[in-house]
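K.L.:
Input file: model.tsv. Contents: TSV, C-alpha atoms.
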chain	number	residue	atom	x	y	z
A	483	MET	CA	-27.09	44.99	30.48
A	484	SER	CA	-27.56	41.60	32.14
A	485	ARG	CA	-27.45	38.83	29.57
A	486	ALA	CA	-28.26	35.10	29.55
A	487	LEU	CA	-27.41	32.61	26.81
A	488	LEU	CA	-30.24	30.27	25.81
A	489	VAL	CA	-29.03	27.09	24.13
A	490	VAL	CA	-32.13	25.72	22.46
A	491	ASP	CA	-32.74	22.09	21.44
A	492	VAL	CA	-29.23	20.99	20.46
A	493	GLN	CA	-30.46	17.42	20.19
A	494	GLY	CA	-30.06	14.22	18.23
A	495	GLU	CA	-33.12	14.63	16.01
A	496	TYR	CA	-31.22	17.38	14.21
A	497	ASP	CA	-28.13	15.24	13.51
A	498	GLY	CA	-29.19	12.10	11.67
A	499	GLY	CA	-32.61	11.96	13.29
A	500	ALA	CA	-36.09	12.89	12.09
A	501	LEU	CA	-35.18	16.53	11.34
A	502	PRO	CA	-31.61	16.67	9.97
A	503	ILE	CA	-30.35	20.25	9.77
A	504	THR	CA	-29.26	21.26	6.28
A	505	TRP	CA	-28.64	25.03	6.56
A	506	PRO	CA	-26.30	26.22	7.82
A	507	PRO	CA	-24.58	22.81	7.86
A	508	LEU	CA	-23.96	21.35	11.28
A	509	ASP	CA	-20.22	21.67	10.76
A	510	VAL	CA	-20.84	25.43	10.82
A	511	SER	CA	-23.53	25.77	13.49
A	512	LEU	CA	-22.28	23.30	16.10
A	513	PRO	CA	-18.77	24.80	16.47
A	514	ASN	CA	-20.37	28.24	16.74
A	515	ILE	CA	-22.80	27.03	19.37
A	516	ARG	CA	-19.86	25.75	21.37
A	517	ARG	CA	-17.96	28.98	20.77
A	518	ALA	CA	-20.90	30.96	22.18
A	519	ILE	CA	-21.11	28.62	25.18
A	520	ASP	CA	-17.41	28.94	25.90
A	521	ALA	CA	-17.51	32.73	25.48
A	522	ALA	CA	-20.44	32.99	27.89
A	523	THR	CA	-18.80	30.66	30.42
A	524	ALA	CA	-15.52	32.61	30.32
A	525	ARG	CA	-17.38	35.84	31.07
A	526	GLY	CA	-19.72	34.55	33.75
A	527	ILE	CA	-22.83	34.87	31.58
A	528	PRO	CA	-25.52	32.53	32.92
A	529	MET	CA	-26.71	29.76	30.63
A	530	VAL	CA	-30.06	28.08	30.08
A	531	VAL	CA	-30.12	24.73	28.28
A	532	VAL	CA	-33.46	23.99	26.66
A	533	GLN	CA	-34.52	20.50	25.57
A	534	GLN	CA	-37.57	19.57	23.50
A	535	THR	CA	-39.27	16.64	25.21
A	536	GLY	CA	-42.08	14.34	24.08
A	537	PRO	CA	-43.70	11.22	25.51
A	538	ALA	CA	-41.93	7.89	25.16
A	539	ASP	CA	-43.99	6.96	22.08
A	540	ALA	CA	-43.58	10.29	20.27
A	541	PRO	CA	-42.29	10.14	16.67
A	542	ALA	CA	-39.58	12.66	17.56
A	543	PHE	CA	-37.88	13.84	20.76
A	544	ALA	CA	-39.24	10.84	22.68
A	545	THR	CA	-37.92	10.98	26.23
A	546	GLY	CA	-34.77	8.89	26.55
A	547	SER	CA	-34.38	8.27	22.81
A	548	PRO	CA	-31.24	9.13	20.80
A	549	GLY	CA	-33.19	11.94	19.15
A	550	TRP	CA	-33.98	13.44	22.55
A	551	GLN	CA	-30.42	13.31	23.84
A	552	LEU	CA	-28.24	16.41	23.73
A	553	LEU	CA	-25.52	16.31	21.08
A	554	ASP	CA	-21.87	15.75	21.97
A	555	VAL	CA	-21.11	19.46	21.55
A	556	MET	CA	-22.97	19.93	24.84
A	557	ASP	CA	-20.64	17.64	26.79
A	558	GLY	CA	-19.33	19.30	29.93
A	559	VAL	CA	-21.68	22.28	29.66
A	560	HIS	CA	-22.90	23.63	32.99
A	561	ALA	CA	-26.48	24.85	32.81
A	562	ASP	CA	-27.58	27.41	35.37
A	563	LEU	CA	-31.08	26.31	34.42
A	564	ALA	CA	-32.11	23.21	32.45
A	565	VAL	CA	-35.56	23.41	30.86
A	566	GLU	CA	-37.64	20.70	29.19
A	567	LYS	CA	-40.41	21.99	26.95
A	568	ALA	CA	-43.26	20.54	24.90
A	569	LEU	CA	-43.99	23.58	22.71
A	570	PRO	CA	-41.76	25.71	20.45
A	571	SER	CA	-41.26	28.63	22.83
A	572	ALA	CA	-38.85	28.05	25.71
A	573	PHE	CA	-41.23	30.10	27.87
A	574	ALA	CA	-44.32	27.93	27.32
A	575	GLY	CA	-45.05	25.76	30.33
A	576	THR	CA	-41.55	26.15	31.81
A	577	PRO	CA	-39.99	28.03	34.75
A	578	LEU	CA	-37.86	30.16	32.40
A	579	GLN	CA	-39.61	33.49	33.03
A	580	GLU	CA	-39.41	33.14	36.82
A	581	TRP	CA	-35.74	32.20	36.68
A	582	LEU	CA	-34.83	35.10	34.38
A	583	ALA	CA	-36.71	37.57	36.58
A	584	GLY	CA	-34.96	36.25	39.68
A	585	ALA	CA	-31.57	36.52	37.99
A	586	GLY	CA	-32.23	40.09	36.86
A	587	VAL	CA	-31.68	39.24	33.19
A	588	ASP	CA	-32.78	41.80	30.59
A	589	THR	CA	-31.12	40.45	27.42
A	590	LEU	CA	-31.37	36.99	25.88
A	591	THR	CA	-28.96	35.54	23.32
A	592	LEU	CA	-30.37	32.57	21.41
A	593	VAL	CA	-28.48	29.74	19.72
A	594	GLY	CA	-29.68	26.31	18.61
A	595	PHE	CA	-32.48	24.87	16.51
A	596	LEU	CA	-34.72	25.30	14.56
A	597	THR	CA	-34.29	28.85	13.31
A	598	HIS	CA	-37.86	29.17	12.05
A	599	ASN	CA	-39.52	27.25	14.86
A	600	CYS	CA	-38.19	27.25	18.42
A	601	ILE	CA	-35.67	30.08	17.95
A	602	ASP	CA	-38.27	32.28	16.24
A	603	SER	CA	-41.00	31.45	18.78
A	604	THR	CA	-38.74	32.07	21.76
A	605	ALA	CA	-37.38	35.33	20.32
A	606	ARG	CA	-40.85	36.73	19.69
A	607	GLU	CA	-42.16	35.77	23.11
A	608	ALA	CA	-39.05	37.19	24.76
A	609	LEU	CA	-39.65	40.54	23.06
A	610	HIS	CA	-43.28	40.50	24.16
A	611	ARG	CA	-42.12	39.90	27.73
A	612	GLY	CA	-39.85	42.93	27.62
A	613	TYR	CA	-36.43	41.40	26.90
A	614	ARG	CA	-33.81	42.57	24.44
A	615	VAL	CA	-33.09	39.66	22.11
A	616	GLU	CA	-30.04	38.59	20.12
A	617	VAL	CA	-29.96	35.67	17.67
A	618	LEU	CA	-26.65	34.27	16.43
A	619	ALA	CA	-27.20	33.49	12.75
A	620	ASP	CA	-24.32	31.04	12.32
A	621	ALA	CA	-25.14	29.21	15.57
A	622	THR	CA	-28.68	28.31	14.50
A	623	GLY	CA	-30.04	26.19	11.65
A	624	THR	CA	-33.10	24.74	10.02
A	625	VAL	CA	-34.61	22.27	7.54
A	626	ALA	CA	-36.43	22.47	4.21
A	627	LEU	CA	-40.22	22.36	4.27
A	628	ARG	CA	-42.95	21.27	1.86
A	629	ASN	CA	-46.68	21.22	2.53
A	630	ALA	CA	-50.02	22.24	1.00
A	631	VAL	CA	-48.96	25.89	0.83
A	632	GLY	CA	-45.72	25.29	-1.06
A	633	ALA	CA	-42.05	24.53	-0.54
A	634	VAL	CA	-38.99	26.35	0.76
A	635	THR	CA	-35.35	25.37	1.00
A	636	ALA	CA	-33.59	25.37	4.35
A	637	GLU	CA	-31.33	28.21	3.23
A	638	GLU	CA	-34.28	30.37	2.16
A	639	LEU	CA	-36.21	29.63	5.34
A	640	HIS	CA	-33.21	30.37	7.56
A	641	ARG	CA	-32.44	33.63	5.77
A	642	HIS	CA	-36.04	34.84	5.64
A	643	THR	CA	-36.68	34.02	9.30
A	644	LEU	CA	-33.60	35.96	10.35
A	645	LEU	CA	-34.59	38.87	8.11
A	646	VAL	CA	-38.00	39.09	9.81
A	647	LEU	CA	-36.45	38.81	13.27
A	648	GLN	CA	-33.98	41.61	12.47
A	649	SER	CA	-36.84	43.79	11.25
A	650	ARG	CA	-38.55	43.90	14.64
A	651	PHE	CA	-37.87	41.15	17.15
A	652	ALA	CA	-34.13	40.60	17.61
A	653	ALA	CA	-30.66	41.77	16.71
A	654	VAL	CA	-29.23	39.17	14.33
A	655	LEU	CA	-25.45	38.83	14.23
A	656	ASP	CA	-22.80	36.17	13.87
A	657	THR	CA	-21.00	34.52	16.74
A	658	ALA	CA	-17.67	36.25	16.24
A	659	GLU	CA	-19.32	39.67	16.17
A	660	TRP	CA	-21.32	38.81	19.29
A	661	GLU	CA	-18.20	37.69	21.14
A	662	ARG	CA	-16.44	40.95	20.26
A	663	SER	CA	-19.43	42.93	21.50
A	664	LEU	CA	-19.26	41.19	24.89
A	665	ASP	CA	-15.92	42.89	25.44
A	666	SER	CA	-16.56	46.17	23.64
A	667	GLY	CA	-19.98	46.79	25.15
A	668	VAL	CA	-21.49	47.56	21.74
A	669	ALA	CA	-25.25	46.98	21.84
A	670	HIS	CA	-26.89	45.51	18.74
A	671	THR	CA	-30.54	46.26	18.01
A	672	PRO	CA	-33.19	45.28	15.45
A	673	THR	CA	-33.44	47.52	12.40
A	674	GLY	CA	-37.13	48.26	13.00
A	675	LEU	CA	-40.14	47.47	10.85
A	676	LEU	CA	-40.57	50.94	9.34
A	677	PRO	CA	-36.91	51.38	8.31
A	678	SER	CA	-36.85	47.84	6.91
A	679	ALA	CA	-39.96	48.43	4.85
A	680	ALA	CA	-38.72	51.85	3.71
A	681	ALA	CA	-35.42	50.35	2.56
A	682	ALA	CA	-37.29	47.75	0.52
A	683	LEU	CA	-39.43	50.45	-1.12
A	684	GLU	CA	-36.34	52.46	-1.95
A	685	GLY	CA	-34.71	49.38	-3.44
A	686	SER	CA	-37.76	48.65	-5.58
A	687	ALA	CA	-37.90	52.24	-6.79
A	688	ALA	CA	-34.21	52.15	-7.69
A	689	LEU	CA	-34.67	48.95	-9.68
A	690	GLU	CA	-37.66	50.40	-11.52
A	691	GLY	CA	-35.68	53.55	-12.33
A	692	SER	CA	-32.77	51.50	-13.61
A	693	ALA	CA	-35.06	49.39	-15.80
A	694	ALA	CA	-36.67	52.49	-17.27
A	695	ARG	CA	-33.33	53.91	-18.44
Transcribe the structure of this file into structure tokens.

P.N.:
Amino acid sequence: MSRALLVVDVQGEYDGGALPITWPPLDVSLPNIRRAIDAATARGIPMVVVQQTGPADAPAFATGSPGWQLLDVMDGVHADLAVEKALPSAFAGTPLQEWLAGAGVDTLTLVGFLTHNCIDSTAREALHRGYRVEVLADATGTVALRNAVGAVTAEELHRHTLLVLQSRFAAVLDTAEWERSLDSGVAHTPTGLLPSAAAALEGSAALEGSAAR
């Protein structure tokens, strides 16, 4: 297994900017992001730092603005590749695929923001391109949403996004477990769509049986 750590959009907009992270709180996710970075660095795992970038007059992530800047947790981090992107997926319009292929990487570990947007988009595209994908649940985070379809809390959105990723697209685990697996060699995998759906059906049947008694 040849792994790379992708640190996605750890930027000012998510800490007091236009899109303040509310779940998990930043005092949980940011230390875990740094823990993952330090664990990767100590083991020689290459690192890609991804940065959302908009034009100078953009309402968020405007080039050079405080919201565009990387957060302090990224101070001193050496990126083997630094990528600026305009779309949610770190692959879209960037040299990421070429760099990964040249480095012989087959497994991507994702940390950063937002769980339901850039992490989700990058994880799905990575799977489609043939990579094994890991997402560190406590080193990601998201925001609440409300629009014409309805509303969802940040906690619900984070949890549901990770549930869907685990069902097909990525192995979802916490940072401590991931760090242990780097040394043990244990490979984590998605549950699979069919087993996930079967488990839900079994759970529903058990609840119906219990209610009938």

K.L.:
Using atom CA of A:Ala564 and atom CA of A:Val587 as the two end points, give the distance in Å to one decimal.

P.N.:
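Between atom CA of A:Ala564 and atom CA of A:Val587 the gap is 16.1 Å.
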
K.L.:
Go through A:Ile601, A:Ala626, A:Leu655, A:Ile527 one by one, measure the shortest atom-to-atom distance of each to A:Thr643 using all atoms listed in the file, and give the residue with the smallest value.

P.N.:
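Closest to A:Thr643, using all atoms listed in the file: A:Ile601.
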
K.L.:
So which residues fall inside 10 Å of (-38.5, 23.9, 7.4) if we count only C-alpha atoms? Mind giving them as a ChimeraX atom specification?

P.N.:
/A:501,503-505,596-599,623-629,633-640

K.L.:
Any chance you could work out the axis-aligned box around stretch 574-585 of chain A, listed atoms only, 8 Å on each side, giving centre and edge lengths in Å to one decimal, as AutoDock Vina command-line options?

P.N.:
--center_x -38.3 --center_y 31.7 --center_z 33.5 --size_x 29.5 --size_y 27.8 --size_z 28.4

K.L.:
Neighbouring residues of A:Glu495 were defined as those with any atom within 9 Å, considering all atoms listed in the file; residues of the same chain fewer than 5 positions away were excluded. Please report them as a ChimeraX atom specification.

P.N.:
/A:500-503,542-543,548-551

K.L.:
Mind pulling up the distance from atom CA of A:Ala669 to atom CA of A:Gly685?

P.N.:
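Value for the atom CA of A:Gly685-atom CA of A:Ala669 distance: 27.1 Å.
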
K.L.:
Identify, on the basis of all atoms listed in the file, every residue whose closest approach to stretch 648-652 of chain A does not exceed 10 Å; exclude the query and any residue fewer than 3 positions from it along the same chain; express the result as a ChimeraX atom specification.

P.N.:
/A:590-592,602,605-610,613-618,642-645,655,670-679

K.L.:
Please determine, counting all atoms listed in the file, which residue among A:Ala544, A:Val555, A:Ala486, A:Leu512 has the shortest atom-to-atom distance to A:Pro528.

P.N.:
A:Ala486

K.L.:
One number please: atom CA of A:Leu487 to atom CA of A:Ala540, in Å, one decimal.

P.N.:
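The value is 28.3 Å.
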
K.L.:
Nearest residue to A:Arg485 out of A:Leu664, A:Ala681, A:Leu553, A:Leu569, using all atoms listed in the file?

P.N.:
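Looking only at the distances to A:Arg485, the closest residue turns out to be A:Leu664.
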
K.L.:
Extract, using all atoms listed in the file, all DNA, RNA and protein residues at most 6 Å from A:Ala619, discarding same-chain residues fewer than 2 positions from it, and format them as a CSV table (one decimal) with C-alpha atoms, keeping the file's coordinate frame.

P.N.:
chain,number,residue,atom,x,y,z
A,621,ALA,CA,-25.1,29.2,15.6
A,622,THR,CA,-28.7,28.3,14.5
A,655,LEU,CA,-25.4,38.8,14.2
A,656,ASP,CA,-22.8,36.2,13.9

K.L.:
Env of A:Ala583: 12 Å cut, atoms = only C-alpha atoms, seq-sep filter 2 positions within chain, self excluded. Answer as a PyMOL selection string.

P.N.:
chain A and resi 484-486+577-581+585-590+611-613
